[in-house]
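Shown here: input-v4.cif, mmCIF, C-alpha atoms.
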data_work
loop_
_atom_site.label_atom_id
_atom_site.label_comp_id
_atom_site.auth_asym_id
_atom_site.auth_seq_id
_atom_site.Cartn_x
_atom_site.Cartn_y
_atom_site.Cartn_z
CA MET A 27 120.97 69.86 122.60
CA ALA A 28 122.56 73.03 121.28
CA LEU A 29 121.38 76.25 122.78
CA PRO A 30 119.78 78.76 120.41
CA THR A 31 121.86 81.77 119.37
CA TRP A 32 120.77 85.28 118.57
CA ASP A 33 122.76 87.41 116.16
CA ASP A 34 122.58 91.18 116.16
CA PRO A 35 120.34 92.31 113.31
CA GLU A 36 122.22 93.47 110.25
CA PRO A 37 121.82 97.14 109.33
CA LEU A 38 120.03 97.90 106.07
CA SER A 39 122.34 97.64 103.10
CA VAL A 40 123.02 100.92 101.29
CA ALA A 41 122.57 99.02 98.04
CA SER A 42 119.02 98.02 99.03
CA ALA A 43 117.72 101.61 98.93
CA PRO A 44 115.38 102.18 95.93
CA VAL A 45 117.34 104.85 94.06
CA PRO A 46 115.24 107.34 92.03
CA GLU A 47 114.91 106.74 88.30
CA TYR A 48 117.35 109.44 87.23
CA GLY A 49 117.86 109.76 83.49
CA ALA A 50 114.67 108.02 82.39
CA GLY A 51 111.78 108.70 84.76
CA SER A 52 112.48 111.35 87.40
CA LEU A 53 111.29 114.92 87.88
CA ALA A 54 114.62 116.14 86.55
CA ASP A 55 113.84 114.46 83.22
CA LEU A 56 110.45 116.09 82.62
CA LEU A 57 111.18 119.58 81.30
CA PRO A 58 114.16 118.51 79.17
CA THR A 59 111.87 115.94 77.50
CA LEU A 60 109.17 118.54 76.81
CA ALA A 61 111.67 121.12 75.60
CA ALA A 62 113.39 118.62 73.32
CA GLY A 63 109.99 117.93 71.74
CA MET A 64 109.88 121.65 70.89
CA SER A 65 113.41 121.54 69.41
CA VAL A 66 115.06 123.54 72.18
CA PRO A 67 118.87 123.25 71.81
CA GLY A 68 120.73 121.66 74.70
CA THR A 69 117.81 119.48 75.83
CA THR A 70 117.26 115.73 75.52
CA ALA A 71 114.08 113.66 75.55
CA ALA A 72 114.85 111.53 78.61
CA ILE A 73 111.36 110.12 79.31
CA PRO A 74 110.71 108.00 76.21
CA GLU A 75 107.00 107.47 76.90
CA LEU A 76 106.11 111.15 76.35
CA ALA A 77 105.02 112.26 72.87
CA PRO A 78 106.02 115.79 71.77
CA ALA A 79 103.56 118.67 71.78
CA ASP A 80 103.84 122.26 70.57
CA ARG A 81 102.36 123.67 73.77
CA ASN A 82 103.25 122.14 77.13
CA CYS A 83 101.95 123.01 80.60
CA VAL A 84 103.27 121.51 83.84
CA PHE A 85 100.97 121.84 86.86
CA LEU A 86 102.90 120.88 89.99
CA ILE A 87 100.76 120.12 93.05
CA ASP A 88 102.99 120.30 96.11
CA GLY A 89 102.77 117.14 98.22
CA LEU A 90 100.40 115.04 96.09
CA GLY A 91 102.14 111.68 95.87
CA TRP A 92 101.07 108.81 93.64
CA GLU A 93 99.99 106.59 96.53
CA GLN A 94 97.93 109.33 98.21
CA LEU A 95 96.13 110.08 94.94
CA ARG A 96 95.32 106.41 94.29
CA ALA A 97 93.97 106.06 97.84
CA HIS A 98 91.40 108.86 97.42
CA PRO A 99 89.33 108.32 94.27
CA ASP A 100 86.18 109.82 95.79
CA GLU A 101 87.86 113.12 96.62
CA ALA A 102 89.63 113.38 93.26
CA PRO A 103 87.37 111.92 90.56
CA PHE A 104 88.91 113.88 87.69
CA LEU A 105 92.52 113.14 88.66
CA THR A 106 91.59 109.50 89.25
CA SER A 107 90.16 109.32 85.73
CA LEU A 108 93.61 110.34 84.46
CA LEU A 109 95.64 107.69 86.31
CA GLY A 110 95.88 105.53 83.20
CA SER A 111 97.38 108.47 81.28
CA SER A 112 100.33 108.76 83.65
CA ARG A 113 103.78 108.61 82.11
CA GLY A 114 102.61 108.65 78.52
CA GLY A 115 99.71 106.25 78.95
CA THR A 116 101.64 103.53 80.76
CA GLY A 117 99.72 104.17 83.98
CA ARG A 118 102.98 104.35 85.91
CA PRO A 119 104.42 107.09 88.14
CA ILE A 120 107.80 108.78 87.99
CA THR A 121 110.18 109.40 90.91
CA ALA A 122 110.86 112.67 92.68
CA GLY A 123 114.59 112.33 93.38
CA TYR A 124 116.46 112.20 96.67
CA PRO A 125 115.69 113.77 99.02
CA ALA A 126 111.98 113.96 98.19
CA THR A 127 111.54 117.53 99.42
CA THR A 128 110.28 120.74 97.87
CA ALA A 129 113.46 122.79 97.39
CA THR A 130 115.33 119.84 95.91
CA SER A 131 112.46 118.77 93.67
CA LEU A 132 111.65 122.24 92.34
CA ALA A 133 115.31 122.74 91.49
CA SER A 134 115.29 119.39 89.68
CA VAL A 135 112.16 120.34 87.74
CA GLY A 136 113.41 123.75 86.70
CA THR A 137 117.02 122.96 85.86
CA GLY A 138 116.41 119.50 84.45
CA LEU A 139 119.29 118.26 86.62
CA PRO A 140 119.46 115.80 89.53
CA PRO A 141 120.36 117.10 93.00
CA GLY A 142 124.03 116.20 92.73
CA ALA A 143 124.33 118.58 89.79
CA HIS A 144 122.05 121.49 90.69
CA GLY A 145 123.32 121.52 94.27
CA LEU A 146 120.18 121.80 96.40
CA PRO A 147 120.48 118.35 98.03
CA GLY A 148 118.21 118.80 101.03
CA TYR A 149 115.93 120.96 103.13
CA THR A 150 118.93 122.26 105.10
CA VAL A 151 122.55 121.60 104.18
CA ARG A 152 125.92 122.91 105.27
CA ASN A 153 127.37 125.82 103.33
CA PRO A 154 131.04 124.83 103.00
CA ALA A 155 132.08 128.49 102.71
CA THR A 156 130.64 129.46 106.09
CA GLY A 157 130.18 126.20 107.98
CA GLU A 158 126.56 127.17 108.68
CA LEU A 159 123.39 125.26 107.91
CA MET A 160 121.51 126.83 105.01
CA ASN A 161 117.76 126.42 104.59
CA GLN A 162 117.37 126.05 100.83
CA LEU A 163 113.61 126.56 100.85
CA ARG A 164 113.72 129.83 102.78
CA TRP A 165 117.26 130.74 101.60
CA ASN A 166 118.44 131.52 105.09
CA PRO A 167 121.11 132.59 105.83
CA TRP A 168 121.54 134.50 102.60
CA THR A 169 124.05 133.39 99.99
CA ASP A 170 124.43 134.39 96.34
CA PRO A 171 121.76 132.32 94.52
CA HIS A 172 123.61 132.10 91.20
CA ALA A 173 126.87 131.07 92.87
CA TRP A 174 124.95 128.38 94.75
CA GLN A 175 123.15 127.11 91.60
CA PRO A 176 124.95 128.31 88.44
CA HIS A 177 123.24 126.19 85.79
CA PRO A 178 120.65 127.68 83.41
CA THR A 179 117.03 126.64 83.81
CA VAL A 180 115.13 124.82 81.07
CA PHE A 181 112.81 127.82 80.98
CA GLN A 182 115.76 130.06 80.13
CA LEU A 183 116.90 127.69 77.37
CA ALA A 184 113.38 127.56 75.97
CA ASP A 185 112.95 131.33 76.10
CA ALA A 186 116.26 131.81 74.28
CA ALA A 187 115.05 129.38 71.59
CA GLY A 188 111.93 131.46 70.91
CA VAL A 189 109.46 129.38 72.91
CA HIS A 190 106.81 131.42 74.73
CA THR A 191 107.68 130.72 78.35
CA ALA A 192 105.77 131.62 81.50
CA GLN A 193 105.37 130.76 85.17
CA VAL A 194 101.99 131.28 86.88
CA SER A 195 102.10 131.08 90.67
CA ALA A 196 101.42 132.97 93.88
CA PRO A 197 102.79 136.53 93.76
CA THR A 198 104.87 135.93 96.90
CA PHE A 199 107.15 133.54 94.98
CA GLN A 200 108.09 135.98 92.21
CA ASN A 201 111.35 137.29 93.66
CA THR A 202 112.45 134.44 95.91
CA PRO A 203 115.98 133.08 95.39
CA LEU A 204 114.57 129.60 94.76
CA THR A 205 112.41 130.93 91.92
CA LYS A 206 115.36 132.82 90.45
CA ILE A 207 117.70 129.84 90.30
CA ALA A 208 115.15 127.09 89.55
CA LEU A 209 112.09 128.49 87.80
CA SER A 210 113.11 131.71 86.05
CA GLY A 211 113.02 132.31 82.29
CA GLY A 212 110.32 134.01 80.27
CA THR A 213 107.70 135.88 82.31
CA PHE A 214 106.43 135.35 85.86
CA HIS A 215 102.71 136.01 86.42
CA GLY A 216 101.52 136.24 90.01
CA ARG A 217 97.90 135.35 90.74
CA LEU A 218 96.35 134.81 94.15
CA THR A 219 93.60 132.26 93.57
CA GLY A 220 93.87 128.83 92.05
CA GLU A 221 91.13 129.64 89.55
CA GLU A 222 93.00 132.72 88.35
CA ARG A 223 96.14 130.66 87.88
CA MET A 224 94.35 128.01 85.83
CA ASP A 225 92.71 130.59 83.56
CA LEU A 226 95.95 132.50 83.02
CA ALA A 227 97.96 129.32 82.43
CA ALA A 228 95.56 128.42 79.62
CA GLU A 229 95.89 131.94 78.16
CA GLN A 230 99.68 131.73 78.29
CA LEU A 231 99.65 128.36 76.55
CA ALA A 232 97.69 129.89 73.69
CA ALA A 233 99.99 132.92 73.46
CA GLY A 234 102.64 131.18 71.34
CA ASP A 235 102.90 128.62 68.57
CA ARG A 236 105.35 126.88 70.90
CA SER A 237 104.71 127.42 74.61
CA LEU A 238 106.11 126.14 77.91
CA VAL A 239 104.03 127.10 80.95
CA TYR A 240 104.47 126.15 84.61
CA THR A 241 101.92 126.58 87.37
CA TYR A 242 101.91 125.55 91.01
CA TYR A 243 99.65 124.95 94.01
CA ALA A 244 101.00 124.60 97.56
CA GLU A 245 98.20 123.91 100.03
CA VAL A 246 97.84 120.15 99.64
CA ASP A 247 101.32 119.96 101.14
CA GLY A 248 100.54 122.61 103.75
CA LYS A 249 97.49 120.81 105.09
CA GLY A 250 99.32 117.49 105.03
CA HIS A 251 102.14 118.81 107.19
CA ARG A 252 99.79 120.41 109.69
CA PHE A 253 96.94 117.91 109.89
CA GLY A 254 98.19 114.77 108.16
CA VAL A 255 97.42 112.96 104.96
CA ASP A 256 93.81 111.76 104.94
CA SER A 257 92.69 114.41 107.45
CA ASP A 258 89.56 116.35 106.59
CA PRO A 259 91.51 119.55 105.76
CA TRP A 260 93.82 117.54 103.48
CA ARG A 261 90.88 115.85 101.78
CA GLY A 262 89.28 119.25 101.24
CA GLN A 263 92.39 120.52 99.50
CA LEU A 264 92.50 117.44 97.29
CA MET A 265 88.89 118.03 96.28
CA TYR A 266 89.70 121.66 95.47
CA VAL A 267 92.80 120.89 93.41
CA ASP A 268 90.89 118.20 91.51
CA ARG A 269 88.51 120.90 90.33
CA LEU A 270 91.43 123.16 89.41
CA VAL A 271 92.99 120.52 87.19
CA GLN A 272 89.66 119.93 85.43
CA ARG A 273 89.22 123.69 84.96
CA LEU A 274 92.61 123.97 83.27
CA ALA A 275 92.14 120.81 81.20
CA GLU A 276 88.86 122.11 79.78
CA GLN A 277 90.58 125.30 78.55
CA LEU A 278 93.58 123.81 76.75
CA PRO A 279 94.22 125.41 73.37
CA PRO A 280 94.88 123.17 70.34
CA ARG A 281 98.14 121.18 70.14
CA SER A 282 98.61 121.25 73.92
CA ALA A 283 99.71 118.75 76.54
CA LEU A 284 98.99 119.27 80.23
CA TYR A 285 101.12 117.34 82.71
CA VAL A 286 100.03 117.12 86.35
CA THR A 287 102.78 116.09 88.75
CA ALA A 288 104.09 116.66 92.28
CA ASP A 289 107.35 117.25 94.10
CA HIS A 290 106.96 114.40 96.62
CA GLY A 291 104.44 112.28 98.48
CA MET A 292 103.85 112.28 102.23
CA ILE A 293 103.51 109.96 105.21
CA ASP A 294 101.96 110.53 108.64
CA ILE A 295 104.19 109.62 111.58
CA PRO A 296 102.70 108.81 115.04
CA PHE A 297 103.61 111.03 117.98
CA ASP A 298 105.46 108.64 120.25
CA GLU A 299 109.07 107.88 121.15
CA GLN A 300 109.11 104.73 119.06
CA HIS A 301 108.35 106.60 115.85
CA ARG A 302 109.92 109.99 116.64
CA ILE A 303 113.53 109.70 117.76
CA ASP A 304 114.63 112.99 119.31
CA PHE A 305 118.21 113.88 118.38
CA ASP A 306 118.24 116.63 121.01
CA GLU A 307 117.48 114.07 123.72
CA ASP A 308 119.76 111.24 122.50
CA TRP A 309 123.37 111.54 123.63
CA GLU A 310 124.49 108.62 121.46
CA LEU A 311 123.29 110.22 118.24
CA ARG A 312 124.68 113.62 119.24
CA ALA A 313 128.17 112.32 119.99
CA GLY A 314 130.67 113.69 117.51
CA VAL A 315 128.04 115.60 115.52
CA ALA A 316 128.71 119.25 114.72
CA LEU A 317 125.56 119.97 112.68
CA LEU A 318 122.30 118.16 111.97
CA GLY A 319 120.85 119.00 108.56
CA GLY A 320 118.15 117.76 106.24
CA GLU A 321 114.79 116.83 107.76
CA GLY A 322 113.27 114.05 109.82
CA ARG A 323 113.23 111.36 107.13
CA ALA A 324 116.30 112.49 105.18
CA ARG A 325 119.11 113.63 107.44
CA HIS A 326 122.51 115.13 106.60
CA VAL A 327 124.80 114.56 109.58
CA TYR A 328 127.99 116.66 109.74
CA ALA A 329 130.63 115.25 112.04
CA VAL A 330 133.25 117.00 114.13
CA ALA A 331 136.63 116.77 112.37
CA GLY A 332 138.07 113.29 112.82
CA ALA A 333 134.81 111.79 114.10
CA GLN A 334 133.25 110.79 110.77
CA SER A 335 133.90 107.07 111.14
CA ASP A 336 132.68 106.95 114.73
CA VAL A 337 129.48 108.83 113.88
CA LEU A 338 128.79 106.48 110.96
CA THR A 339 129.31 103.44 113.17
CA CYS A 340 127.08 104.79 115.94
CA TRP A 341 124.23 105.81 113.64
CA ARG A 342 124.31 102.40 111.97
CA GLU A 343 124.21 100.63 115.33
CA VAL A 344 121.36 102.77 116.69
CA LEU A 345 119.26 103.33 113.56
CA GLY A 346 120.47 100.87 110.94
CA GLU A 347 117.42 98.60 111.10
CA GLN A 348 115.04 101.48 110.30
CA PHE A 349 117.15 103.81 108.15
CA TRP A 350 119.49 103.38 105.24
CA ILE A 351 122.67 104.84 106.74
CA ALA A 352 125.43 105.77 104.30
CA SER A 353 128.67 107.68 104.36
CA ARG A 354 128.91 110.56 101.91
CA ASP A 355 131.03 108.48 99.53
CA GLU A 356 128.68 105.49 99.79
CA ALA A 357 125.62 107.61 99.01
CA ILE A 358 127.36 109.17 96.02
CA GLU A 359 128.54 105.80 94.75
CA ALA A 360 125.02 104.36 95.12
CA GLY A 361 123.60 107.22 93.02
CA TRP A 362 121.28 108.64 95.67
CA PHE A 363 121.79 112.20 94.38
CA GLY A 364 122.09 111.29 90.71
CA PRO A 365 124.69 109.65 88.48
CA ASN A 366 127.26 112.35 89.30
CA VAL A 367 127.84 114.84 92.11
CA ASP A 368 129.55 118.09 91.17
CA GLU A 369 132.66 118.91 93.18
CA ARG A 370 131.08 122.13 94.47
CA VAL A 371 128.20 120.04 95.87
CA ARG A 372 130.13 117.25 97.64
CA ALA A 373 130.83 119.15 100.86
CA ARG A 374 127.16 120.18 101.13
CA LEU A 375 126.28 116.51 101.68
CA GLY A 376 126.47 115.07 105.17
CA ASP A 377 129.40 113.01 106.33
CA VAL A 378 126.65 110.56 107.24
CA ILE A 379 123.30 110.44 105.40
CA ALA A 380 120.25 108.78 106.95
CA ALA A 381 117.21 107.92 104.81
CA ALA A 382 114.18 106.42 106.57
CA ARG A 383 112.76 103.08 105.44
CA ASP A 384 110.27 102.58 108.28
CA ASP A 385 107.54 104.89 109.63
CA VAL A 386 109.99 106.85 111.75
CA LEU A 387 111.53 110.32 112.09
CA ILE A 388 114.69 111.80 113.55
CA ILE A 389 113.27 114.97 115.06
CA ALA A 390 115.14 117.75 116.87
CA SER A 391 112.64 119.17 119.35
CA GLU A 392 114.84 122.06 120.51
CA ARG A 393 116.58 123.00 117.25
CA GLU A 394 113.58 122.43 114.98
CA PRO A 395 110.41 122.81 117.07
CA LYS A 396 108.08 123.59 114.15
CA GLU A 397 109.36 120.81 111.90
CA SER A 398 109.32 118.34 114.80
CA ALA A 399 105.61 119.01 115.36
CA MET A 400 104.50 118.21 111.80
CA VAL A 401 102.05 115.34 111.33
CA GLY A 402 102.81 114.63 107.67
CA ASN A 403 106.44 114.21 106.59
CA HIS A 404 108.51 113.31 103.55
CA GLY A 405 112.07 113.17 102.26
CA SER A 406 113.17 109.57 101.89
CA MET A 407 113.15 106.97 99.09
CA THR A 408 110.11 104.92 100.09
CA PRO A 409 107.35 104.63 97.46
CA VAL A 410 104.88 106.73 99.48
CA GLU A 411 107.33 109.67 99.39
CA GLN A 412 109.17 109.06 96.16
CA LEU A 413 106.50 108.15 93.60
CA VAL A 414 104.65 111.05 91.98
CA PRO A 415 102.06 111.14 89.18
CA LEU A 416 102.70 112.37 85.67
CA LEU A 417 99.09 112.63 84.51
CA GLN A 418 98.41 113.84 80.98
CA VAL A 419 95.66 115.64 79.11
CA ARG A 420 96.13 116.43 75.42
CA SER A 421 94.10 118.58 73.05
#

Will you turn the file into structure tokens for me?
Amino acid sequence: MALPTWDDPEPLSVASAPVPEYGAGSLADLLPTLAAGMSVPGTTAAIPELAPADRNCVFLIDGLGWEQLRAHPDEAPFLTSLLGSSRGGTGRPITAGYPATTATSLASVGTGLPPGAHGLPGYTVRNPATGELMNQLRWNPWTDPHAWQPHPTVFQLADAAGVHTAQVSAPTFQNTPLTKIALSGGTFHGRLTGEERMDLAAEQLAAGDRSLVYTYYAEVDGKGHRFGVDSDPWRGQLMYVDRLVQRLAEQLPPRSALYVTADHGMIDIPFDEQHRIDFDEDWELRAGVALLGGEGRARHVYAVAGAQSDVLTCWREVLGEQFWIASRDEAIEAGWFGPNVDERVRARLGDVIAAARDDVLIIASEREPKESAMVGNHGSMTPVEQLVPLLQVRS
């Protein structure tokens, strides 16, 4: 009788990763679609399910993924009542884009471009000019924002076309580099409370015959990172933001469309060695690596010169059953960052890119102590992180 044989498990195929729906149903397609419906030159209606409106408001709730919303109907009765309106009444979500993280997603929203074009392809990425890791959310270390992201925003195009354009958010965001290169154009209005933002967003919508208004709320994401999705603090924030959306919806002026969306979803990761792989404690993963970028579920790995192939092989052997592991060229070819990657952006991407499929993180307890301690995480291409609502209320 033949003895049984055991083959080494095959690593996940790069081609099996669920690439975001760039060009037809991603965050990058939203504002161009709305602006095209208001006849703004240089914009294209990329999401065919959305009907034009003269006045458009986008309310982005940081961290509220499609799957989290559907799992909490009791905490969010108003938002739940709108699920069937998502994506033009199809009841379907859209995708955030890769990586599913705030800096990347907000840049996609504001510029109407995928990450490979706008050039903010991760939480932290290497600046090719300096060789340093740059945090694109906190913009540290400093670099010229408009050299880093030179494309105009959709808000700027709309403002130039005579559309009344406004952003309503927390005052602290007014002069940040991320706001300047992703969300500028028209007028920024800083308001502290959520209620004030909703009331002012409605006023700004009514201020023009054609209007494009953006407003934002951050604390659903904040509580998710600190306490986890489905924790009591997170549930409390969902209940609060549900009331905010209803408050804004009830104030819409005539000929308006309100779109409620998010920049990513979130997943809780257990605190044990099986689910949290510590790069700082793993000599195999560190071998040949000069810089570790990205975040726990969406890593950019920058190799020492000449070690790219060895690092790719090692990461596939160690992590390939749980992560999609791709070389830079493979990720670009697969369309992870969009249909095209600008030449100025290529070297910002890791030599090796690791996107989590399973409930697992690559933490760095010494280099990233705060990020490594987060309960809720995001970044990869799984549905729980990638799918976001596009709820609609029209007047």

Just give me the residues with any atom within 12 Å of (113.4, 110.5, 72.6), file coordinates, counting all atoms listed in the file, written as a ChimeraX atom specification.
-> /A:49-50,55-56,58-65,69-78

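With distances taken over all atoms listed in the file, A:Gly89 is the one residue among A:Val151, A:Pro140, A:Leu109, A:Gly89 lying closest to Tyr242 (chain A).
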
For Ser52 (chain A), please output as number ranges by chain all residues within 6 Å (counting all atoms listed in the file; exclusion window: fewer than 5 positions along the same chain).
-> A: 47, 120-122

Run the PyMOL selection byres ((chain A and resi 364-374) around 7) mentally over the shown coordinates, then write out the matched residues as a PyMOL selection string, using the chain letters and numbers from the document.
-> chain A and resi 48+140-143+145+151-154+358+361-363+375-376

Quick one: residues within 6 Å of region 288-295 of chain A, only C-alpha atoms counted, chain neighbours fewer than 6 positions away excluded, as number ranges by chain?
-> A: 86-91, 122, 126, 128, 131, 254, 401-404, 410-412, 414

The PyMOL selection byres ((chain A and resi 97-107) around 7) on the file shown: which residues, as a PyMOL selection string?
-> chain A and resi 93-96+108-109+261+264-265+268+272

State, in Å with one decimal place, the distance from CA of Pro46 (chain A) to CA of Val246 (chain A).
->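 CA of Val246 (chain A) lies 22.9 Å from CA of Pro46 (chain A).
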
So which one's closest to Val239 (chain A), A:Ala43, A:Ala283, A:Val315, A:Ile379? Using only C-alpha atoms, please.
-> A:Ala283

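CA of Gly250 (chain A) is positioned 17.4 Å from CA of Arg302 (chain A).
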
Calculate how many Å separate CA of Leu317 (chain A) from CA of Val337 (chain A), rounding to one decimal.
->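 Interatomic distance, CA of Leu317 (chain A) to CA of Val337 (chain A): 11.9 Å.
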
Contacts of His326 (chain A) at 10 Å (all atoms listed in the file; same-chain gap of 2+ positions) as a VMD selection string | chain A and resid 147 to 152 317 to 322 324 328 to 329 353 to 354 374 to 381

Which residues come within 6 Å of Gly216 (chain A), counting all atoms listed in the file, excluding same-chain residues fewer than 2 positions away, as number ranges by chain?
-> A: 194-197

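You can rank A:Pro178, A:Gly188, A:Gly211, A:Gly220 by their closest distance to Arg236 (chain A) using only C-alpha atoms, and at the top of that list sits A:Gly188.
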
What box, with edges along x, y and z, holds each listed atom of region 105-122 of chain A when 5 Å is added on every side, and can you state its centre and edge lengths in Å to one decimal, as AutoDock Vina command-line options?
--center_x 100.5 --center_y 108.3 --center_z 85.6 --size_x 30.7 --size_y 19.6 --size_z 24.2

In terms of the shortest atom-to-atom distance over all atoms listed in the file, which of A:Val66, A:Val84, A:Ala313, A:Leu38 is closest to Val419 (chain A)?
->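 Once distances to Val419 (chain A) are computed over all atoms listed in the file, the minimum belongs to A:Val84.
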
If you count all atoms listed in the file, which residues fall within 9 Å of Arg164 (chain A), apart from same-chain ones fewer than 2 positions away, as an mmCIF file with C-alpha atoms, keeping the file's coordinate frame?
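Resulting contents of out.cif:
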data_model
loop_
_atom_site.group_PDB
_atom_site.id
_atom_site.type_symbol
_atom_site.label_atom_id
_atom_site.label_comp_id
_atom_site.auth_asym_id
_atom_site.auth_seq_id
_atom_site.Cartn_x
_atom_site.Cartn_y
_atom_site.Cartn_z
ATOM 1 C CA ALA A 129 113.460 122.790 97.390
ATOM 2 C CA MET A 160 121.510 126.830 105.010
ATOM 3 C CA ASN A 161 117.760 126.420 104.590
ATOM 4 C CA GLN A 162 117.370 126.050 100.830
ATOM 5 C CA ASN A 166 118.440 131.520 105.090
ATOM 6 C CA PRO A 167 121.110 132.590 105.830
ATOM 7 C CA THR A 202 112.450 134.440 95.910
ATOM 8 C CA PRO A 203 115.980 133.080 95.390
ATOM 9 C CA LEU A 204 114.570 129.600 94.760
#
